[in-house]
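A.B. asks: This is model.cif, which holds mmCIF, C-alpha atoms (C1' of nucleotides):
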```
data_model
loop_
_atom_site.label_atom_id
_atom_site.label_comp_id
_atom_site.auth_asym_id
_atom_site.auth_seq_id
_atom_site.Cartn_x
_atom_site.Cartn_y
_atom_site.Cartn_z
CA MET A 509 110.92 112.54 90.56
CA SER A 510 111.12 110.79 93.92
CA LYS A 511 113.67 108.11 94.56
CA GLY A 512 110.84 105.61 94.99
CA LEU A 513 109.31 106.37 91.63
CA LYS A 514 112.67 105.93 89.96
CA ARG A 515 112.89 102.50 91.50
CA LEU A 516 109.47 101.56 90.22
CA LYS A 517 110.39 102.66 86.71
CA LYS A 518 113.58 100.68 86.91
CA ILE A 519 111.73 97.53 87.98
CA LEU A 520 109.21 97.92 85.18
CA HIS A 521 111.95 98.58 82.66
CA ASN A 522 113.87 95.49 83.78
CA GLU A 523 110.77 93.39 83.30
CA GLY A 524 109.93 94.95 79.95
CA LEU A 525 106.74 96.39 81.42
CA ARG A 526 105.14 99.79 80.90
CA PHE A 527 104.84 102.55 83.42
CA THR A 528 101.16 103.23 84.06
CA SER A 529 99.21 105.43 86.43
CA GLN A 530 97.67 102.33 88.01
CA ARG A 531 101.02 100.78 88.76
CA GLU A 532 102.24 104.07 90.13
CA ALA A 533 99.18 104.33 92.38
CA VAL A 534 99.66 100.81 93.76
CA TRP A 535 103.34 101.47 94.35
CA ASN A 536 102.63 104.77 96.13
CA GLU A 537 99.99 103.20 98.30
CA ILE A 538 102.21 100.32 99.33
CA ILE A 539 105.22 102.44 100.24
CA SER A 540 103.06 104.98 102.07
CA SER A 541 102.51 102.66 105.04
CA ASP A 542 104.59 100.35 107.16
CA ASP A 543 101.58 98.25 108.07
CA HIS A 544 100.87 94.69 107.05
CA ARG A 545 97.88 95.13 104.76
CA GLU A 546 95.83 92.84 102.59
CA ALA A 547 95.37 93.38 98.87
CA ASP A 548 91.83 94.59 99.32
CA GLU A 549 92.84 97.19 101.89
CA ILE A 550 95.39 98.54 99.45
CA TYR A 551 92.78 98.51 96.70
CA MET A 552 90.27 100.41 98.84
CA ALA A 553 92.84 102.94 100.00
CA ILE A 554 93.73 103.79 96.40
CA ARG A 555 90.10 104.25 95.41
CA GLN A 556 89.53 106.34 98.53
CA LYS A 557 92.08 108.75 97.14
CA GLY A 558 90.08 109.02 93.94
CA VAL A 559 92.38 106.97 91.76
CA SER A 560 90.62 104.45 89.55
CA VAL A 561 92.11 101.00 89.67
CA SER A 562 90.77 97.44 89.67
CA ARG A 563 91.39 94.60 92.07
CA ALA A 564 92.96 92.60 89.24
CA THR A 565 95.51 95.34 88.64
CA VAL A 566 96.32 95.59 92.33
CA TYR A 567 97.04 91.87 92.46
CA ARG A 568 99.00 91.98 89.23
CA THR A 569 101.12 94.89 90.38
CA ILE A 570 101.82 93.29 93.74
CA ASP A 571 103.00 90.19 91.85
CA VAL A 572 105.52 92.29 89.94
CA LEU A 573 106.75 93.90 93.15
CA LEU A 574 106.96 90.52 94.86
CA LYS A 575 108.96 89.07 92.02
CA ASN A 576 111.37 91.98 92.27
CA ASN A 577 111.70 91.71 95.99
CA PHE A 578 110.21 95.09 96.87
CA VAL A 579 107.28 93.61 98.72
CA ARG A 580 107.01 90.78 101.23
CA LYS A 581 103.98 88.49 101.27
CA LEU A 582 102.76 87.33 104.64
CA ASP A 583 100.41 84.39 105.04
CA VAL A 584 98.96 84.72 108.52
CA GLY A 585 97.23 81.37 108.40
CA VAL A 586 93.70 82.72 108.32
CA GLY A 587 92.06 84.99 105.77
CA PRO A 588 93.82 86.75 102.90
CA SER A 589 97.57 87.28 102.65
CA LYS A 590 99.09 90.50 103.89
CA PHE A 591 101.75 92.62 102.23
CA GLU A 592 104.43 95.02 103.41
CA HIS A 593 107.01 96.98 101.44
CA LYS A 594 110.69 96.28 101.90
CA ILE A 595 112.01 99.80 101.25
CA ASP A 596 114.57 100.84 103.88
CA SER A 597 113.63 97.73 105.79
CA HIS A 598 115.98 94.92 106.63
CA HIS A 599 114.89 91.33 106.72
CA HIS A 600 112.69 90.20 109.58
CA ASP A 601 110.22 87.48 110.50
CA HIS A 602 106.93 87.73 112.35
CA ILE A 603 105.31 86.84 115.63
CA ILE A 604 101.54 86.89 115.37
CA CYS A 605 98.82 86.93 118.02
CA ILE A 606 96.24 84.28 117.16
CA HIS A 607 93.61 86.12 119.19
CA CYS A 608 93.84 89.80 118.21
CA GLY A 609 95.89 89.55 115.03
CA ARG A 610 98.67 91.80 116.31
CA ILE A 611 101.87 91.34 114.32
CA GLU A 612 105.36 92.09 115.60
CA GLU A 613 108.61 91.76 113.72
CA PHE A 614 111.73 89.99 114.94
CA MET A 615 115.15 89.19 113.59
CA VAL A 616 117.79 86.95 115.12
CA ASP A 617 121.05 86.61 113.21
CA GLN A 618 121.77 83.29 114.86
CA ILE A 619 118.54 81.79 113.51
CA GLU A 620 119.33 83.07 110.02
CA ASN A 621 122.75 81.45 110.18
CA LEU A 622 121.36 78.16 111.41
CA GLN A 623 118.90 78.16 108.51
CA ASP A 624 121.73 78.56 106.06
CA LYS A 625 123.46 75.65 107.68
CA VAL A 626 120.36 73.45 107.42
CA ALA A 627 119.99 74.27 103.72
CA GLU A 628 123.62 73.42 103.14
CA GLU A 629 123.29 70.11 104.96
CA TYR A 630 120.37 69.10 102.76
CA GLY A 631 122.03 70.29 99.56
CA PHE A 632 119.44 73.00 99.00
CA LYS A 633 120.12 76.41 97.48
CA LEU A 634 117.99 78.66 99.70
CA VAL A 635 115.68 81.13 97.97
CA ARG A 636 113.41 82.33 100.76
CA HIS A 637 111.92 81.24 104.02
CA ILE A 638 108.87 81.61 106.18
CA HIS A 639 109.32 81.80 109.90
CA GLN A 640 106.25 82.71 111.88
CA LEU A 641 105.59 82.33 115.58
CA PHE A 642 101.94 82.10 116.59
CA GLY A 643 100.77 82.67 120.11
CA LEU A 644 98.95 84.98 122.49
CA CYS A 645 100.28 88.46 123.05
CA GLU A 646 100.43 89.95 126.54
CA ASN A 647 96.99 91.55 126.15
CA CYS A 648 95.30 88.34 125.08
CA GLN A 649 96.60 85.79 127.58
CA MET B 992 92.17 46.64 119.08
CA SER B 993 95.31 48.38 117.81
CA LYS B 994 97.06 50.98 119.89
CA GLY B 995 96.23 53.56 117.21
CA LEU B 996 92.54 52.84 117.30
CA LYS B 997 92.51 53.19 121.05
CA ARG B 998 94.05 56.62 120.67
CA LEU B 999 91.40 57.67 118.18
CA LYS B 1000 88.65 56.56 120.52
CA LYS B 1001 90.28 58.44 123.34
CA ILE B 1002 90.46 61.64 121.28
CA LEU B 1003 86.84 61.34 120.25
CA HIS B 1004 85.77 60.62 123.80
CA ASN B 1005 87.67 63.63 125.11
CA GLU B 1006 85.90 65.84 122.59
CA GLY B 1007 82.52 64.29 123.27
CA LEU B 1008 82.40 62.93 119.74
CA ARG B 1009 81.18 59.59 118.44
CA PHE B 1010 83.26 56.81 117.01
CA THR B 1011 82.19 56.23 113.40
CA SER B 1012 83.44 54.10 110.54
CA GLN B 1013 84.26 57.23 108.53
CA ARG B 1014 86.41 58.69 111.27
CA GLU B 1015 88.12 55.37 111.67
CA ALA B 1016 88.81 55.21 107.92
CA VAL B 1017 90.30 58.72 107.84
CA TRP B 1018 92.43 57.95 110.85
CA ASN B 1019 93.69 54.66 109.36
CA GLU B 1020 94.49 56.30 106.07
CA ILE B 1021 96.43 59.12 107.70
CA ILE B 1022 98.53 56.92 109.96
CA SER B 1023 99.21 54.44 107.13
CA SER B 1024 101.65 56.76 105.39
CA ASP B 1025 104.51 59.01 106.41
CA ASP B 1026 104.05 61.21 103.35
CA HIS B 1027 102.86 64.79 103.25
CA ARG B 1028 99.50 64.45 101.54
CA GLU B 1029 96.70 66.81 100.69
CA ALA B 1030 93.15 66.27 101.91
CA ASP B 1031 91.98 65.20 98.50
CA GLU B 1032 94.67 62.54 98.21
CA ILE B 1033 93.58 61.13 101.54
CA TYR B 1034 89.96 61.24 100.40
CA MET B 1035 90.77 59.42 97.14
CA ALA B 1036 92.89 56.81 98.90
CA ILE B 1037 90.04 55.94 101.25
CA ARG B 1038 87.56 55.58 98.39
CA GLN B 1039 90.07 53.50 96.46
CA LYS B 1040 89.89 51.04 99.30
CA GLY B 1041 86.15 50.84 98.89
CA VAL B 1042 85.22 52.80 102.00
CA SER B 1043 82.49 55.35 101.46
CA VAL B 1044 83.31 58.77 102.84
CA SER B 1045 82.77 62.35 101.74
CA ARG B 1046 85.25 65.17 101.29
CA ALA B 1047 83.43 67.12 104.01
CA THR B 1048 83.96 64.31 106.49
CA VAL B 1049 87.64 64.03 105.59
CA TYR B 1050 88.12 67.74 106.29
CA ARG B 1051 86.07 67.58 109.45
CA THR B 1052 88.00 64.59 110.78
CA ILE B 1053 91.35 66.18 109.96
CA ASP B 1054 90.21 69.23 111.94
CA VAL B 1055 89.57 67.06 114.98
CA LEU B 1056 92.97 65.39 114.63
CA LEU B 1057 94.66 68.78 114.14
CA LYS B 1058 93.01 70.18 117.22
CA ASN B 1059 94.24 67.20 119.20
CA ASN B 1060 97.72 67.45 117.89
CA PHE B 1061 97.82 64.12 116.07
CA VAL B 1062 98.22 65.70 112.68
CA ARG B 1063 100.38 68.53 111.40
CA LYS B 1064 99.14 70.91 108.71
CA LEU B 1065 101.66 72.09 106.17
CA ASP B 1066 101.04 75.10 103.95
CA VAL B 1067 103.54 74.79 101.12
CA GLY B 1068 102.75 78.20 99.68
CA VAL B 1069 101.09 76.96 96.52
CA GLY B 1070 98.07 74.73 96.12
CA PRO B 1071 96.24 72.95 98.91
CA SER B 1072 97.61 72.30 102.39
CA LYS B 1073 99.32 69.03 103.13
CA PHE B 1074 98.95 66.85 106.19
CA GLU B 1075 101.14 64.36 108.02
CA HIS B 1076 100.47 62.32 111.14
CA LYS B 1077 102.52 62.90 114.27
CA ILE B 1078 102.46 59.36 115.66
CA ASP B 1079 105.92 58.26 116.80
CA SER B 1080 107.26 61.41 115.20
CA HIS B 1081 109.05 64.19 117.03
CA HIS B 1082 108.67 67.83 116.11
CA HIS B 1083 110.31 68.99 112.91
CA ASP B 1084 110.14 71.77 110.34
CA HIS B 1085 110.37 71.56 106.56
CA ILE B 1086 112.66 72.47 103.71
CA ILE B 1087 110.81 72.48 100.41
CA CYS B 1088 112.05 72.48 96.82
CA ILE B 1089 110.21 75.18 94.88
CA HIS B 1090 110.88 73.37 91.62
CA CYS B 1091 110.03 69.71 92.19
CA GLY B 1092 108.02 69.94 95.42
CA ARG B 1093 110.33 67.62 97.35
CA ILE B 1094 109.92 68.04 101.10
CA GLU B 1095 112.57 67.20 103.68
CA GLU B 1096 112.28 67.47 107.44
CA PHE B 1097 114.72 69.18 109.76
CA MET B 1098 114.99 69.91 113.43
CA VAL B 1099 117.54 72.09 115.21
CA ASP B 1100 117.21 72.40 118.97
CA GLN B 1101 119.07 75.67 118.95
CA ILE B 1102 116.49 77.25 116.61
CA GLU B 1103 113.66 76.01 118.81
CA ASN B 1104 115.29 77.54 121.87
CA LEU B 1105 115.88 80.86 120.12
CA GLN B 1106 112.21 80.94 119.13
CA ASP B 1107 111.19 80.53 122.74
CA LYS B 1108 113.47 83.40 123.65
CA VAL B 1109 111.94 85.64 120.97
CA ALA B 1110 108.42 84.88 122.20
CA GLU B 1111 109.46 85.67 125.75
CA GLU B 1112 111.04 88.97 124.69
CA TYR B 1113 107.83 90.07 123.03
CA GLY B 1114 105.62 88.89 125.89
CA PHE B 1115 103.94 86.23 123.76
CA LYS B 1116 102.83 82.82 124.99
CA LEU B 1117 103.85 80.59 122.10
CA VAL B 1118 101.26 78.18 120.72
CA ARG B 1119 102.77 76.99 117.46
CA HIS B 1120 105.11 78.05 114.72
CA ILE B 1121 105.74 77.71 111.03
CA HIS B 1122 109.30 77.47 109.85
CA GLN B 1123 109.77 76.58 106.21
CA LEU B 1124 112.83 76.96 104.05
CA PHE B 1125 112.17 77.25 100.32
CA GLY B 1126 114.84 76.67 97.73
CA LEU B 1127 116.17 74.38 95.05
CA CYS B 1128 117.20 70.86 95.97
CA GLU B 1129 120.37 69.35 94.59
CA ASN B 1130 118.52 67.81 91.63
CA CYS B 1131 116.89 71.08 90.59
CA GLN B 1132 119.74 73.56 90.75
"C1'" DA C 346 65.96 44.44 121.55
"C1'" DA C 347 63.48 48.43 121.06
"C1'" DC C 348 63.29 53.13 121.86
"C1'" DT C 349 65.03 57.71 122.14
"C1'" DT C 350 68.03 61.43 121.65
"C1'" DC C 351 71.29 63.76 119.60
"C1'" DT C 352 75.46 63.54 116.62
"C1'" DT C 353 77.23 62.59 112.16
"C1'" DT C 354 77.13 62.09 107.39
"C1'" DG C 355 77.03 63.44 102.45
"C1'" DA C 356 75.64 65.73 98.11
"C1'" DG C 357 75.90 69.68 96.60
"C1'" DA C 358 75.48 74.65 97.41
"C1'" DC C 359 78.26 78.24 98.95
"C1'" DT C 360 82.34 81.31 100.25
"C1'" DC C 361 85.95 84.13 99.11
"C1'" DA C 362 90.73 85.12 97.83
"C1'" DA C 363 92.82 85.11 93.78
"C1'" DT C 364 93.16 84.49 88.78
"C1'" DC C 365 91.57 84.71 84.13
"C1'" DT C 366 89.07 86.60 79.90
"C1'" DC C 367 88.85 89.64 76.31
"C1'" DA C 368 87.32 93.89 74.32
"C1'" DA C 369 88.49 98.60 75.01
"C1'" DT C 370 92.19 101.66 76.26
"C1'" DA C 371 96.66 103.60 76.58
"C1'" DA C 372 101.91 103.58 76.57
"C1'" DG C 373 105.76 104.70 74.09
"C1'" DG C 374 108.70 104.02 70.06
"C1'" DA C 375 108.99 105.39 65.08
"C1'" DT D 180 100.59 111.49 64.88
"C1'" DC D 181 100.50 106.81 63.95
"C1'" DC D 182 101.09 102.04 65.07
"C1'" DT D 183 102.08 98.14 67.63
"C1'" DT D 184 101.61 95.83 71.62
"C1'" DA D 185 100.95 95.85 76.65
"C1'" DT D 186 97.58 97.02 80.08
"C1'" DT D 187 93.30 97.64 82.15
"C1'" DG D 188 88.80 96.44 84.23
"C1'" DA D 189 84.21 94.34 84.82
"C1'" DG D 190 82.81 90.40 85.62
"C1'" DA D 191 83.33 85.36 85.05
"C1'" DT D 192 85.90 81.62 86.80
"C1'" DT D 193 88.67 78.73 89.79
"C1'" DG D 194 89.48 75.92 93.67
"C1'" DA D 195 90.31 74.85 98.48
"C1'" DG D 196 87.64 74.65 102.09
"C1'" DT D 197 83.14 75.27 104.67
"C1'" DC D 198 78.27 75.04 105.34
"C1'" DT D 199 73.38 73.19 104.98
"C1'" DC D 200 69.97 70.16 106.28
"C1'" DA D 201 67.49 65.95 105.69
"C1'" DA D 202 68.55 61.17 106.34
"C1'" DA D 203 71.34 57.78 108.73
"C1'" DG D 204 73.44 56.05 112.69
"C1'" DA D 205 75.84 55.94 117.50
"C1'" DA D 206 75.15 55.05 122.13
"C1'" DG D 207 72.65 55.49 126.29
"C1'" DT D 208 68.15 53.99 128.58
"C1'" DT D 209 64.45 50.96 129.60
#
```
Show me, as structure tokens, the structure contained in the file I just sent.

C.D. replies:
Amino acid sequence: MSKGLKRLKKILHNEGLRFTSQREAVWNEIISSDDHREADEIYMAIRQKGVSVSRATVYRTIDVLLKNNFVRKLDVGVGPSKFEHKIDSHHHDHIICIHCGRIEEFMVDQIENLQDKVAEEYGFKLVRHIHQLFGLCENCQ
Amino acid sequence: MSKGLKRLKKILHNEGLRFTSQREAVWNEIISSDDHREADEIYMAIRQKGVSVSRATVYRTIDVLLKNNFVRKLDVGVGPSKFEHKIDSHHHDHIICIHCGRIEEFMVDQIENLQDKVAEEYGFKLVRHIHQLFGLCENCQ
DNA sequence: AACTTCTTTGAGACTCAATCTCAATAAGGA
DNA sequence: TCCTTATTGAGATTGAGTCTCAAAGAAGTT
């Protein structure tokens, strides 16, 4: 059994959930790509491969993965949310082209530290953050 | 005529739009509060005051104000977007309690500068950004 | 003021991502 | 294998936001 599958089983076990072929298919599809994809793209990709699954199950499985921090949800401000797996991937934020939709990832330690400081100042216990830069990429200016 | 009303007329003129009582009412309602309110709250507040306006017009007017940078849209991750006016208000980002919904504003020059640097690195011309910290406020921990 | 043109409004239909329903199915422990 | 309980899926539903289009109204022109 692959390392990834073991992780999925562990997550499901921790949540008291059952291991099903649908959940396995969603998991496999999500970890198979480093793209930022919407739920429907993931759903279609699974069906393309001949596995039977419903949209509802895709959304439900993504919710479980989100809750367990194996998937990151990305609201790009227009249209449906996008998702990316977090396996072997360190934290990063996004810079998004408002014209062509291109998404690049960035990570600046100093910003992360300043965020922590802000949270502390306001007495907040930080859980997550959204940091997205919107603009025009070099091809769209 | 108030300074605010003059501004509204200027915006409308610049966009080639007409000055109407509905647009005036939406504008007045928005600048009358420093809260972060959703479109429907603004709509209800206007009607409460006896002014007749439709939801569609509230959304349409907010769009005009957004486009002209007199209103900031705030997606808090759950439920409808919230709006706040930007009159006499400098730029800021938000730290949001995921339990009670409390919203505080913060602004760190250093973060803003680092963002500009990131955009430059990636060849992006920055248009706007979203920076939201989610966590538990002191009362909800 | 009256006329004309063209924008705006509003009630309600519509969109669409996401969630919910509930009967049928399947996981997994005994 | 049986039994209990979670899961699935087709389709209904939700809800924020947008669109439609006939009627109302703004603002320029005479």

A.B. asks: Rounded to one decimal place, report the atom CA of B:Val1044-atom CA of B:Asn1060 distance in Å.

C.D. replies: 22.6 Å

A.B. asks: Between atom CA of A:Trp535 and atom CA of A:Ser560, what is the distance, to one decimal in Å?

C.D. replies: 13.9 Å

A.B. asks: Report as JSON, numbers by chain the set of chain B residues whose atoms approach chain C to within 12 Å, with distances computed over all atoms listed in the file.

C.D. replies: {"B": [1007, 1008, 1009, 1010, 1011, 1012, 1013, 1014, 1043, 1044, 1045, 1046, 1047, 1048, 1049, 1051, 1052, 1069, 1070]}

A.B. asks: Only C-alpha atoms, please: the residues just picked out, written as a PDB file, in the frame of the given file.

C.D. replies:
```pdb
ATOM      1  CA  GLY B1007      82.520  64.290 123.270  1.00  0.00           C
ATOM      2  CA  LEU B1008      82.400  62.930 119.740  1.00  0.00           C
ATOM      3  CA  ARG B1009      81.180  59.590 118.440  1.00  0.00           C
ATOM      4  CA  PHE B1010      83.260  56.810 117.010  1.00  0.00           C
ATOM      5  CA  THR B1011      82.190  56.230 113.400  1.00  0.00           C
ATOM      6  CA  SER B1012      83.440  54.100 110.540  1.00  0.00           C
ATOM      7  CA  GLN B1013      84.260  57.230 108.530  1.00  0.00           C
ATOM      8  CA  ARG B1014      86.410  58.690 111.270  1.00  0.00           C
ATOM      9  CA  SER B1043      82.490  55.350 101.460  1.00  0.00           C
ATOM     10  CA  VAL B1044      83.310  58.770 102.840  1.00  0.00           C
ATOM     11  CA  SER B1045      82.770  62.350 101.740  1.00  0.00           C
ATOM     12  CA  ARG B1046      85.250  65.170 101.290  1.00  0.00           C
ATOM     13  CA  ALA B1047      83.430  67.120 104.010  1.00  0.00           C
ATOM     14  CA  THR B1048      83.960  64.310 106.490  1.00  0.00           C
ATOM     15  CA  VAL B1049      87.640  64.030 105.590  1.00  0.00           C
ATOM     16  CA  ARG B1051      86.070  67.580 109.450  1.00  0.00           C
ATOM     17  CA  THR B1052      88.000  64.590 110.780  1.00  0.00           C
ATOM     18  CA  VAL B1069     101.090  76.960  96.520  1.00  0.00           C
ATOM     19  CA  GLY B1070      98.070  74.730  96.120  1.00  0.00           C
TER      20      GLY B1070
END
```

A.B. asks: I want to know what sits within 6 Å of stretch 629-645 of chain A, based on only C-alpha atoms (C1' of nucleotides), with residues of the same chain fewer than 6 positions away left out; could you give that as a list in words?

C.D. replies: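 Once the adjacent positions are removed, what remains is Asp601, His602, Ile603, Ile604, Cys605 and Ile606 of chain A; Phe1115, Lys1116, Leu1117, Val1118, Arg1119, His1120, Ile1121, His1122, Gln1123, Leu1124, Phe1125, Gly1126, Leu1127, Cys1128 and Glu1129 of chain B.
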
A.B. asks: One decimal, Å: what's the distance from atom C1' of D:DA205 over to atom CA of B:Glu1015, could you say?

C.D. replies: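 Computing the Euclidean distance for atom C1' of D:DA205 and atom CA of B:Glu1015 yields 13.6 Å.
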
A.B. asks: Given the file shown, enumerate the residues that the PyMOL selection byres ((chain B and resi 1074) around 6) captures and present them as a PDB file with C-alpha atoms, in the coordinates of the input.

C.D. replies:
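Writing done, so here's result_21.pdb:
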```
ATOM      1  CA  HIS B1027     102.860  64.790 103.250  1.00  0.00           C
ATOM      2  CA  ARG B1028      99.500  64.450 101.540  1.00  0.00           C
ATOM      3  CA  GLU B1029      96.700  66.810 100.690  1.00  0.00           C
ATOM      4  CA  ARG B1063     100.380  68.530 111.400  1.00  0.00           C
ATOM      5  CA  LYS B1064      99.140  70.910 108.710  1.00  0.00           C
ATOM      6  CA  LEU B1065     101.660  72.090 106.170  1.00  0.00           C
ATOM      7  CA  LYS B1073      99.320  69.030 103.130  1.00  0.00           C
ATOM      8  CA  GLU B1075     101.140  64.360 108.020  1.00  0.00           C
TER       9      GLU B1075
END
```

A.B. asks: Residues of chain D near chain B: apply a cut-off of 10 Å, count all atoms listed in the file, and supply the list as a count of residues only.

C.D. replies: 8

A.B. asks: For chain A, which residue out of B:Asn1059, B:Ser1080, B:Asp1066, B:Gly1041 is the nearest one, using only C-alpha atoms?

C.D. replies: B:Asp1066

A.B. asks: For the provided coordinates, the residues matched by the PyMOL selection byres ((chain A and resi 619) around 12) should be stated as a PyMOL selection string.

C.D. replies: (chain A and resi 600-601+614-618+620-626+637+639) or (chain B and resi 1099-1109+1122)

A.B. asks: Padding 8 Å on every side, please: axis-aligned box over the listed atoms of stretch 1080-1092 of chain B, centre and edge lengths to one decimal in Å, as lines of an AutoDock Vina configuration file.

C.D. replies:
```
center_x = 110.0
center_y = 68.3
center_z = 104.3
size_x = 21.4
size_y = 29.8
size_z = 41.4
```
